[in-house]
Structures are given as C-alpha cells and as structure tokens.
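Novice: Below is the file work15.csv, which contains CSV, C-alpha atoms.
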```
chain,number,residue,atom,x,y,z
A,1,ASN,CA,-59.1,131.8,10.5
A,2,ALA,CA,-61.8,134.4,10.4
A,3,CYS,CA,-62.4,136.4,7.2
A,4,ALA,CA,-64.5,139.5,6.5
A,5,SER,CA,-64.9,141.7,3.5
A,6,TYR,CA,-66.9,144.8,2.5
A,7,ILE,CA,-67.8,145.8,-1.1
A,8,LYS,CA,-68.7,149.4,-2.0
A,9,THR,CA,-70.5,150.2,-5.3
A,10,LEU,CA,-69.1,153.3,-7.0
A,11,GLY,CA,-70.0,155.6,-10.0
A,12,LYS,CA,-73.2,157.1,-11.2
A,13,SER,CA,-74.0,154.0,-13.2
A,14,LYS,CA,-72.9,151.7,-10.3
A,15,ASN,CA,-70.5,149.9,-12.6
A,16,HIS,CA,-67.5,150.0,-10.3
A,17,ARG,CA,-66.9,148.3,-7.1
A,18,LEU,CA,-64.2,148.5,-4.4
A,19,SER,CA,-63.7,145.6,-2.1
A,20,ALA,CA,-61.7,145.5,1.2
A,21,GLY,CA,-60.9,142.2,3.0
A,22,LEU,CA,-59.4,141.2,6.3
A,23,ASN,CA,-58.2,137.8,7.6
A,24,LEU,CA,-57.2,137.1,11.2
A,25,GLY,CA,-56.0,133.7,12.2
A,26,TYR,CA,-54.2,131.7,15.0
A,27,THR,CA,-51.9,128.8,14.4
A,28,HIS,CA,-50.6,126.3,16.9
A,29,GLU,CA,-47.9,123.7,16.0
A,30,SER,CA,-46.7,120.9,18.3
A,31,ILE,CA,-44.3,117.9,18.1
A,32,LYS,CA,-43.7,114.7,20.0
A,33,GLN,CA,-40.1,114.4,20.8
A,34,GLN,CA,-40.2,110.8,22.2
A,35,ASN,CA,-40.4,109.3,18.7
A,36,PHE,CA,-37.4,111.3,17.3
A,37,GLN,CA,-34.2,109.7,16.3
A,38,PHE,CA,-31.0,111.8,15.7
A,39,ALA,CA,-27.7,110.9,14.1
A,40,SER,CA,-25.9,111.4,17.4
A,41,GLN,CA,-27.9,108.5,18.9
A,42,PHE,CA,-26.2,105.9,16.6
A,43,ASP,CA,-23.1,104.4,18.1
A,44,GLY,CA,-19.9,103.2,16.4
A,45,MET,CA,-21.6,99.9,15.4
A,46,ASN,CA,-24.3,101.9,13.5
A,47,GLU,CA,-26.9,100.7,16.0
A,48,PHE,CA,-29.5,103.1,17.5
A,49,ASN,CA,-29.1,103.8,21.2
A,50,SER,CA,-31.9,105.6,22.8
A,51,SER,CA,-29.9,106.4,25.9
A,52,MET,CA,-27.5,108.6,23.9
A,53,THR,CA,-28.3,112.3,23.8
A,54,GLY,CA,-30.1,113.7,20.8
A,55,GLU,CA,-30.7,117.4,19.8
A,56,SER,CA,-32.1,119.8,22.4
A,57,LEU,CA,-35.4,121.4,21.5
A,58,ALA,CA,-36.5,124.6,23.0
A,59,ARG,CA,-40.2,123.6,23.3
A,60,ASN,CA,-42.7,121.0,22.2
A,61,GLY,CA,-45.0,123.6,20.6
A,62,THR,CA,-45.4,127.1,19.4
A,63,GLY,CA,-48.4,129.4,18.6
A,64,TYR,CA,-48.8,132.7,16.8
A,65,VAL,CA,-51.4,135.2,15.5
A,66,ASN,CA,-51.3,136.2,11.9
A,67,LEU,CA,-53.0,139.1,10.0
A,68,ASN,CA,-53.6,139.5,6.3
A,69,THR,CA,-55.5,142.2,4.4
A,70,GLY,CA,-56.2,143.3,0.8
A,71,LEU,CA,-57.9,145.9,-1.4
A,72,PHE,CA,-59.5,145.1,-4.8
A,73,TRP,CA,-61.2,147.3,-7.5
A,74,TYR,CA,-63.1,146.1,-10.5
A,75,GLY,CA,-65.4,147.7,-13.0
A,76,SER,CA,-66.5,148.3,-16.6
A,77,PHE,CA,-66.4,151.2,-19.0
A,78,ASN,CA,-69.1,151.7,-21.6
A,79,GLY,CA,-69.9,148.0,-21.6
A,80,LYS,CA,-66.9,147.3,-23.8
A,81,VAL,CA,-63.9,147.5,-21.5
A,82,GLY,CA,-63.6,146.0,-18.0
A,83,ALA,CA,-60.7,146.2,-15.7
A,84,TYR,CA,-59.5,145.1,-12.2
A,85,ALA,CA,-56.6,145.9,-10.0
A,86,GLY,CA,-55.7,144.8,-6.4
A,87,THR,CA,-53.1,144.3,-3.8
A,88,SER,CA,-52.9,142.1,-0.8
A,89,PHE,CA,-50.6,141.9,2.2
A,90,TYR,CA,-49.8,138.7,4.2
A,91,ASN,CA,-48.0,138.1,7.6
A,92,ILE,CA,-48.5,141.7,8.6
A,93,THR,CA,-47.6,140.9,12.2
A,94,THR,CA,-44.5,138.9,11.0
A,95,PRO,CA,-45.1,136.3,13.6
A,96,LYS,CA,-42.1,134.5,15.1
A,97,PHE,CA,-41.9,130.7,15.6
A,98,ASP,CA,-39.1,128.6,17.1
A,99,VAL,CA,-38.5,125.0,18.0
A,100,LEU,CA,-34.7,124.9,18.3
A,101,PRO,CA,-33.1,127.0,21.1
A,102,GLY,CA,-31.6,130.3,19.9
A,103,GLN,CA,-33.2,130.0,16.5
A,104,LYS,CA,-36.1,132.4,16.4
A,105,ARG,CA,-37.5,132.8,12.9
A,106,ASP,CA,-40.2,135.0,11.4
A,107,TYR,CA,-42.8,134.5,8.8
A,108,TYR,CA,-41.6,137.0,6.2
A,109,PHE,CA,-44.0,139.8,5.1
A,110,ARG,CA,-45.5,139.1,1.7
A,111,TRP,CA,-47.4,141.3,-0.8
A,112,ASN,CA,-49.1,140.6,-4.1
A,113,MET,CA,-50.2,142.9,-6.9
A,114,GLN,CA,-52.5,142.0,-9.8
A,115,ALA,CA,-54.2,143.8,-12.6
A,116,GLY,CA,-56.0,142.9,-15.8
A,117,VAL,CA,-58.2,144.3,-18.6
A,118,ASP,CA,-61.2,142.7,-20.5
A,119,ILE,CA,-61.6,144.3,-23.9
A,120,ALA,CA,-64.8,143.2,-25.7
A,121,ILE,CA,-64.8,143.1,-29.5
A,122,GLN,CA,-68.1,142.9,-31.3
A,123,GLN,CA,-69.7,141.8,-28.0
A,124,LYS,CA,-68.6,138.2,-28.4
A,125,TYR,CA,-64.8,138.3,-28.5
A,126,HIS,CA,-62.6,139.3,-25.6
A,127,VAL,CA,-58.9,140.1,-25.3
A,128,LEU,CA,-57.7,139.5,-21.7
A,129,PRO,CA,-54.2,140.8,-20.8
A,130,SER,CA,-53.2,140.5,-17.1
A,131,ILE,CA,-50.2,140.7,-14.8
A,132,PHE,CA,-49.4,139.3,-11.3
A,133,PHE,CA,-46.4,140.0,-9.0
A,134,THR,CA,-45.6,138.7,-5.6
A,135,LYS,CA,-42.6,139.2,-3.2
A,136,GLN,CA,-41.8,137.6,0.1
A,137,GLY,CA,-38.4,138.1,1.8
A,138,VAL,CA,-35.7,137.8,-1.0
A,139,ALA,CA,-38.0,135.7,-3.3
A,140,ASN,CA,-40.2,137.3,-5.9
A,141,GLN,CA,-42.1,136.3,-9.0
A,142,LEU,CA,-43.7,137.9,-12.0
A,143,ASN,CA,-46.5,136.3,-14.1
A,144,THR,CA,-47.7,137.9,-17.3
A,145,GLY,CA,-50.1,136.6,-19.9
A,146,ILE,CA,-52.9,137.1,-22.3
A,147,GLY,CA,-56.2,135.2,-22.9
A,148,PHE,CA,-58.8,135.2,-25.6
A,149,GLY,CA,-62.4,134.7,-24.8
A,150,TYR,CA,-65.5,133.8,-26.9
A,151,ASP,CA,-69.1,134.2,-25.7
A,152,LEU,CA,-71.2,131.4,-27.3
A,153,ASN,CA,-74.3,132.9,-25.6
A,154,PRO,CA,-75.1,135.0,-22.5
A,155,LYS,CA,-74.5,132.1,-20.2
A,156,THR,CA,-71.7,130.2,-22.0
A,157,GLU,CA,-68.1,131.3,-22.3
A,158,LEU,CA,-64.8,129.8,-23.6
A,159,THR,CA,-61.4,131.2,-22.7
A,160,LEU,CA,-57.9,130.2,-23.9
A,161,GLY,CA,-54.7,131.8,-22.8
A,162,LEU,CA,-51.0,131.6,-22.1
A,163,TYR,CA,-48.9,132.8,-19.2
A,164,ASN,CA,-45.2,133.2,-18.5
A,165,ARG,CA,-43.7,132.9,-15.0
A,166,ILE,CA,-40.4,134.8,-14.3
A,167,SER,CA,-38.3,134.6,-11.2
A,168,VAL,CA,-37.0,138.2,-10.7
A,169,VAL,CA,-33.6,138.3,-8.9
A,170,LYS,CA,-31.1,141.1,-8.5
A,171,SER,CA,-28.8,139.8,-11.2
A,172,GLY,CA,-31.6,139.6,-13.7
A,173,ALA,CA,-34.8,137.9,-14.7
A,174,THR,CA,-34.9,134.1,-15.2
A,175,GLY,CA,-37.7,132.4,-17.1
A,176,ASP,CA,-39.3,129.6,-15.0
A,177,ALA,CA,-42.4,128.3,-16.7
A,178,VAL,CA,-44.8,128.6,-19.5
A,179,ILE,CA,-48.5,128.1,-18.5
A,180,PRO,CA,-51.2,127.4,-21.0
A,181,TYR,CA,-54.8,127.5,-19.6
A,182,ALA,CA,-58.4,127.0,-20.6
A,183,GLY,CA,-61.6,128.0,-19.0
A,184,PHE,CA,-65.3,127.1,-19.7
A,185,THR,CA,-68.4,128.7,-18.2
A,186,PHE,CA,-71.9,127.4,-18.5
A,187,SER,CA,-75.0,128.6,-16.5
A,188,GLY,CA,-72.9,129.7,-13.5
A,189,PHE,CA,-70.5,126.8,-13.5
A,190,LYS,CA,-66.9,127.6,-14.3
A,191,LEU,CA,-64.3,125.0,-15.1
A,192,GLY,CA,-60.6,125.9,-15.4
A,193,LEU,CA,-57.5,123.9,-16.4
A,194,SER,CA,-53.9,125.0,-16.4
A,195,TYR,CA,-50.5,123.4,-16.6
A,196,ASP,CA,-47.1,124.8,-15.5
A,197,ALA,CA,-44.5,123.6,-18.0
A,198,THR,CA,-41.1,124.1,-16.5
A,199,VAL,CA,-38.5,125.7,-18.8
A,200,SER,CA,-35.8,126.6,-16.3
A,201,ALA,CA,-33.0,124.4,-15.1
A,202,LEU,CA,-35.4,122.8,-12.7
A,203,LYS,CA,-36.6,120.6,-15.6
A,204,ASN,CA,-33.4,118.7,-15.2
A,205,ALA,CA,-34.8,117.2,-12.0
A,206,GLY,CA,-36.7,114.6,-14.1
A,207,THR,CA,-39.6,114.1,-16.4
A,208,GLY,CA,-43.0,115.4,-15.4
A,209,VAL,CA,-41.7,118.4,-13.6
A,210,GLY,CA,-44.6,120.8,-13.6
A,211,ALA,CA,-48.0,121.4,-12.0
A,212,LEU,CA,-51.5,120.6,-13.2
A,213,GLU,CA,-54.3,122.7,-11.7
A,214,ILE,CA,-58.0,122.2,-12.0
A,215,HIS,CA,-60.6,124.7,-10.8
A,216,LEU,CA,-64.4,124.3,-10.5
A,217,SER,CA,-66.8,126.9,-9.1
A,218,TYR,CA,-70.4,127.8,-9.2
A,219,THR,CA,-72.0,131.2,-8.9
A,220,VAL,CA,-75.5,131.4,-7.4
A,221,ALA,CA,-77.7,133.9,-9.2
A,222,ARG,CA,-81.3,135.0,-9.2
A,223,LYS,CA,-83.6,133.2,-11.7
A,224,TYR,CA,-83.6,135.9,-14.3
A,225,TYR,CA,-80.1,137.2,-13.7
A,226,ASP,CA,-78.2,138.2,-16.9
A,227,PHE,CA,-74.6,137.1,-16.6
A,228,ARG,CA,-73.5,139.7,-19.1
A,229,ASN,CA,-74.1,142.4,-16.4
A,230,ALA,CA,-71.9,140.6,-13.9
A,231,LEU,CA,-68.8,142.4,-12.6
A,232,ILE,CA,-67.0,139.3,-11.6
A,233,CYS,CA,-63.3,139.6,-12.3
A,234,PRO,CA,-60.9,138.2,-13.3
A,235,ARG,CA,-62.3,136.1,-16.1
A,236,PHE,CA,-60.5,132.9,-17.1
```
Using structure tokens, write down the structure that the file contains.

Specialist:
Amino acid sequence: NACASYIKTLGKSKNHRLSAGLNLGYTHESIKQQNFQFASQFDGMNEFNSSMTGESLARNGTGYVNLNTGLFWYGSFNGKVGAYAGTSFYNITTPKFDVLPGQKRDYYFRWNMQAGVDIAIQQKYHVLPSIFFTKQGVANQLNTGIGFGYDLNPKTELTLGLYNRISVVKSGATGDAVIPYAGFTFSGFKLGLSYDATVSALKNAGTGVGALEIHLSYTVARKYYDFRNALICPRF
C-alpha cells in the first residue's frame, strides 16, 4: 500500500484545516491445493483416499488493485469550540476475486462518515459529543457517544466517555454494544482504553463476548510547542 495526504490551512486566523488522503494498494493471495482434504475424498469406511476427486479450484492465486480515499476538516472557533467532520471511501474499484470456478465475488464498496464537537468550559473542562456511521454492502453501523475531558495542565489531559453501537437494518435499529472508554495524555503521549460490552443476542454465545482495545501514540512537537494550540482531532 502507498498512502499520501495533503493538508490545507484555511481562514484568516489559520485555525481551520482541510485534509485529503489517497491510498492505493495491490493484494495477491495464493493457495497450495496439494494439502487440501475434501469430504468427497473420504470413502465409505470413513478413511481418507487421496486418489478420489476433491473440489475443483479455478486457480491457485488471485490479485487485485484497490483504491481508497477520504476528506477531513477540523478547526476551532474563538478558542472555545472545536469541531471536525470527515468522510472516507474504500474499495472504490470494487475489485473482484475468485478461487472457485463460476463464483466471481467483489469487495463491496464501503463508506464512513464521522463528526464531533469539542466544547470548552472555563478553559479546563470539555464536552465531546461525536457520531460515526459506516456502510458496506447490506451491512451498516452507527456509533454515537459523548465524552468529558479535563485539562490538568497544558500538557496533561484526562478524558472519560461512553459510546453506543447500533446495527441499522431495514426492519429497524438493534442495539449491539455499550462502549466505555478512557484516555490520558501527557507531554505528547496518548494512552486510550475502551471495551465493547455486547448487549445484543450475541452475548448468548458465551461469557467474555466483547472487545478490549488499547491505543498508544506519541506526537512529536517542537521544544516550546504549546499543545493548547494544537488542532489535532478527535480528542479521546
């Protein structure tokens, strides 16, 4: 994969930015048929017989080119309200891949939309509502949530929040998961922790059905850089 982006500063005060990104990649997948075993190769005695015919494969490998792109805006207003909004598109070329004969399949086109607001209260407290929607083929998903942030000092932040994931189908919306999360930032380091607690019927699959995610990043800045002036969104 090769990625490229361009960021344009906007506004008289240069407090808005527009970012465009492009991703182009090539994928090659291959298989080794000689080690495959098919149900049709077991005889009446339930013994495997390699001389019996298995399934017919169209090819041993397949390759395709894929293209993704996106557009993202983020900025601040009067130093008290920040906002961001963006959209991205995946599998624009809808590449086809096939292994079995007569079964050509495509990678479905997918698009995402996200937006959020950062409302500062008394310079130290933040209210952070946000929304995310994605759709691919007949599957779609909506995430909504709100976070609350506290600035301990110009380089240290604490954020706590709660998200709700909904599977949106034609017959109506179905709640899928509740997602609490926490984030801590110190001198350019950012540590995030979230857990998807399943609330839909999928929880009947067994205990521990969910997903724990841990995020760690570091922002390189100049020696005297003031992180309060950063236009890095979203905050979590």

Novice: Using all atoms listed in the file, which protein or nucleic acid residues come within 8 Å of range 158-170 of chain A? Drop anything in the same chain fewer than 4 positions from it, and give the result as a list in words.

Specialist: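 Answer for this query is Ala139, Asn140, Gln141, Leu142, Asn143, Thr144, Gly145, Ile146, Gly147, Phe148, Gly149, Tyr150, Asp151, Leu152, Thr174, Gly175, Asp176, Ala177, Val178, Ile179, Pro180, Tyr181, Ala182, Gly183, Phe184, Thr185 and Phe236 of chain A.
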
Novice: Dump C-alpha atoms for the selected residues as an mmCIF file, in the coordinates of the input?

Specialist:
```
data_model
loop_
_atom_site.group_PDB
_atom_site.id
_atom_site.type_symbol
_atom_site.label_atom_id
_atom_site.label_comp_id
_atom_site.auth_asym_id
_atom_site.auth_seq_id
_atom_site.Cartn_x
_atom_site.Cartn_y
_atom_site.Cartn_z
ATOM 1 C CA ALA A 139 -38.000 135.700 -3.300
ATOM 2 C CA ASN A 140 -40.200 137.300 -5.900
ATOM 3 C CA GLN A 141 -42.100 136.300 -9.000
ATOM 4 C CA LEU A 142 -43.700 137.900 -12.000
ATOM 5 C CA ASN A 143 -46.500 136.300 -14.100
ATOM 6 C CA THR A 144 -47.700 137.900 -17.300
ATOM 7 C CA GLY A 145 -50.100 136.600 -19.900
ATOM 8 C CA ILE A 146 -52.900 137.100 -22.300
ATOM 9 C CA GLY A 147 -56.200 135.200 -22.900
ATOM 10 C CA PHE A 148 -58.800 135.200 -25.600
ATOM 11 C CA GLY A 149 -62.400 134.700 -24.800
ATOM 12 C CA TYR A 150 -65.500 133.800 -26.900
ATOM 13 C CA ASP A 151 -69.100 134.200 -25.700
ATOM 14 C CA LEU A 152 -71.200 131.400 -27.300
ATOM 15 C CA THR A 174 -34.900 134.100 -15.200
ATOM 16 C CA GLY A 175 -37.700 132.400 -17.100
ATOM 17 C CA ASP A 176 -39.300 129.600 -15.000
ATOM 18 C CA ALA A 177 -42.400 128.300 -16.700
ATOM 19 C CA VAL A 178 -44.800 128.600 -19.500
ATOM 20 C CA ILE A 179 -48.500 128.100 -18.500
ATOM 21 C CA PRO A 180 -51.200 127.400 -21.000
ATOM 22 C CA TYR A 181 -54.800 127.500 -19.600
ATOM 23 C CA ALA A 182 -58.400 127.000 -20.600
ATOM 24 C CA GLY A 183 -61.600 128.000 -19.000
ATOM 25 C CA PHE A 184 -65.300 127.100 -19.700
ATOM 26 C CA THR A 185 -68.400 128.700 -18.200
ATOM 27 C CA PHE A 236 -60.500 132.900 -17.100
#
```

Novice: What is the CA of His215 in chain A to CA of Asn66 in chain A distance in Å?

Specialist: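 One can read the CA of His215 in chain A to CA of Asn66 in chain A distance as 27.1 Å.
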
Novice: Could you tell me how far CA of Thr156 in chain A sits from CA of Ser187 in chain A, in Å to one decimal place?

Specialist: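 Separation between CA of Ser187 in chain A and CA of Thr156 in chain A: 6.6 Å.
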
Novice: Measuring between all atoms listed in the file, which one of A:Gly11, A:Gly25, A:Gly192, A:Pro129 shows the shortest distance to Gly63 in chain A?

Specialist: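 Among the listed residues, the smallest separation from Gly63 in chain A belongs to A:Gly25.
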
Novice: Can you list every residue of range 94-185 of chain A that has an atom at most 6 Å from range 67-89 of chain A, with its nearest atom pair and the distance in Å to one decimal, using only C-alpha atoms, ordered by chain then number, as JSON lines?

Specialist:
```
{"residue": "A:Arg110", "atom": "CA", "partner": "A:Phe89", "partner_atom": "CA", "distance": 5.8}
{"residue": "A:Trp111", "atom": "CA", "partner": "A:Phe89", "partner_atom": "CA", "distance": 4.4}
{"residue": "A:Asn112", "atom": "CA", "partner": "A:Ser88", "partner_atom": "CA", "distance": 5.3}
{"residue": "A:Met113", "atom": "CA", "partner": "A:Thr87", "partner_atom": "CA", "distance": 4.5}
{"residue": "A:Gln114", "atom": "CA", "partner": "A:Gly86", "partner_atom": "CA", "distance": 5.4}
{"residue": "A:Ala115", "atom": "CA", "partner": "A:Ala85", "partner_atom": "CA", "distance": 4.1}
{"residue": "A:Gly116", "atom": "CA", "partner": "A:Tyr84", "partner_atom": "CA", "distance": 5.5}
{"residue": "A:Val117", "atom": "CA", "partner": "A:Ala83", "partner_atom": "CA", "distance": 4.3}
{"residue": "A:Asp118", "atom": "CA", "partner": "A:Gly82", "partner_atom": "CA", "distance": 4.8}
{"residue": "A:Ile119", "atom": "CA", "partner": "A:Val81", "partner_atom": "CA", "distance": 4.6}
{"residue": "A:Ala120", "atom": "CA", "partner": "A:Lys80", "partner_atom": "CA", "distance": 5.0}
```

Novice: What does the distance from CA of Gly21 in chain A to CA of Gly188 in chain A come to in Å, to one decimal?

Specialist: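 Interatomic distance here is 23.9 Å.
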
Novice: My list of candidates is A:Ser13, A:Ser19, A:Thr62, A:Ser130. Which is closest to Pro95 in chain A when distances are computed with all atoms listed in the file?

Specialist: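 Selected residue with least distance to Pro95 in chain A: A:Thr62.
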
Novice: For Ile7 in chain A, which of A:Ala211, A:Asn49, A:Ala20, A:Asn204 is the closest residue, counting all atoms listed in the file?

Specialist: A:Ala20

Novice: Which residue is closest to Pro154 in chain A? Choose from A:Tyr26, A:Phe186, A:Tyr6, A:Phe48 and count only C-alpha atoms.

Specialist: A:Phe186

Novice: Between A:Tyr195, A:Leu24, A:Asp43, A:Cys3, which one has atoms that come closest to Thr93 in chain A, using all atoms listed in the file?

Specialist: A:Leu24
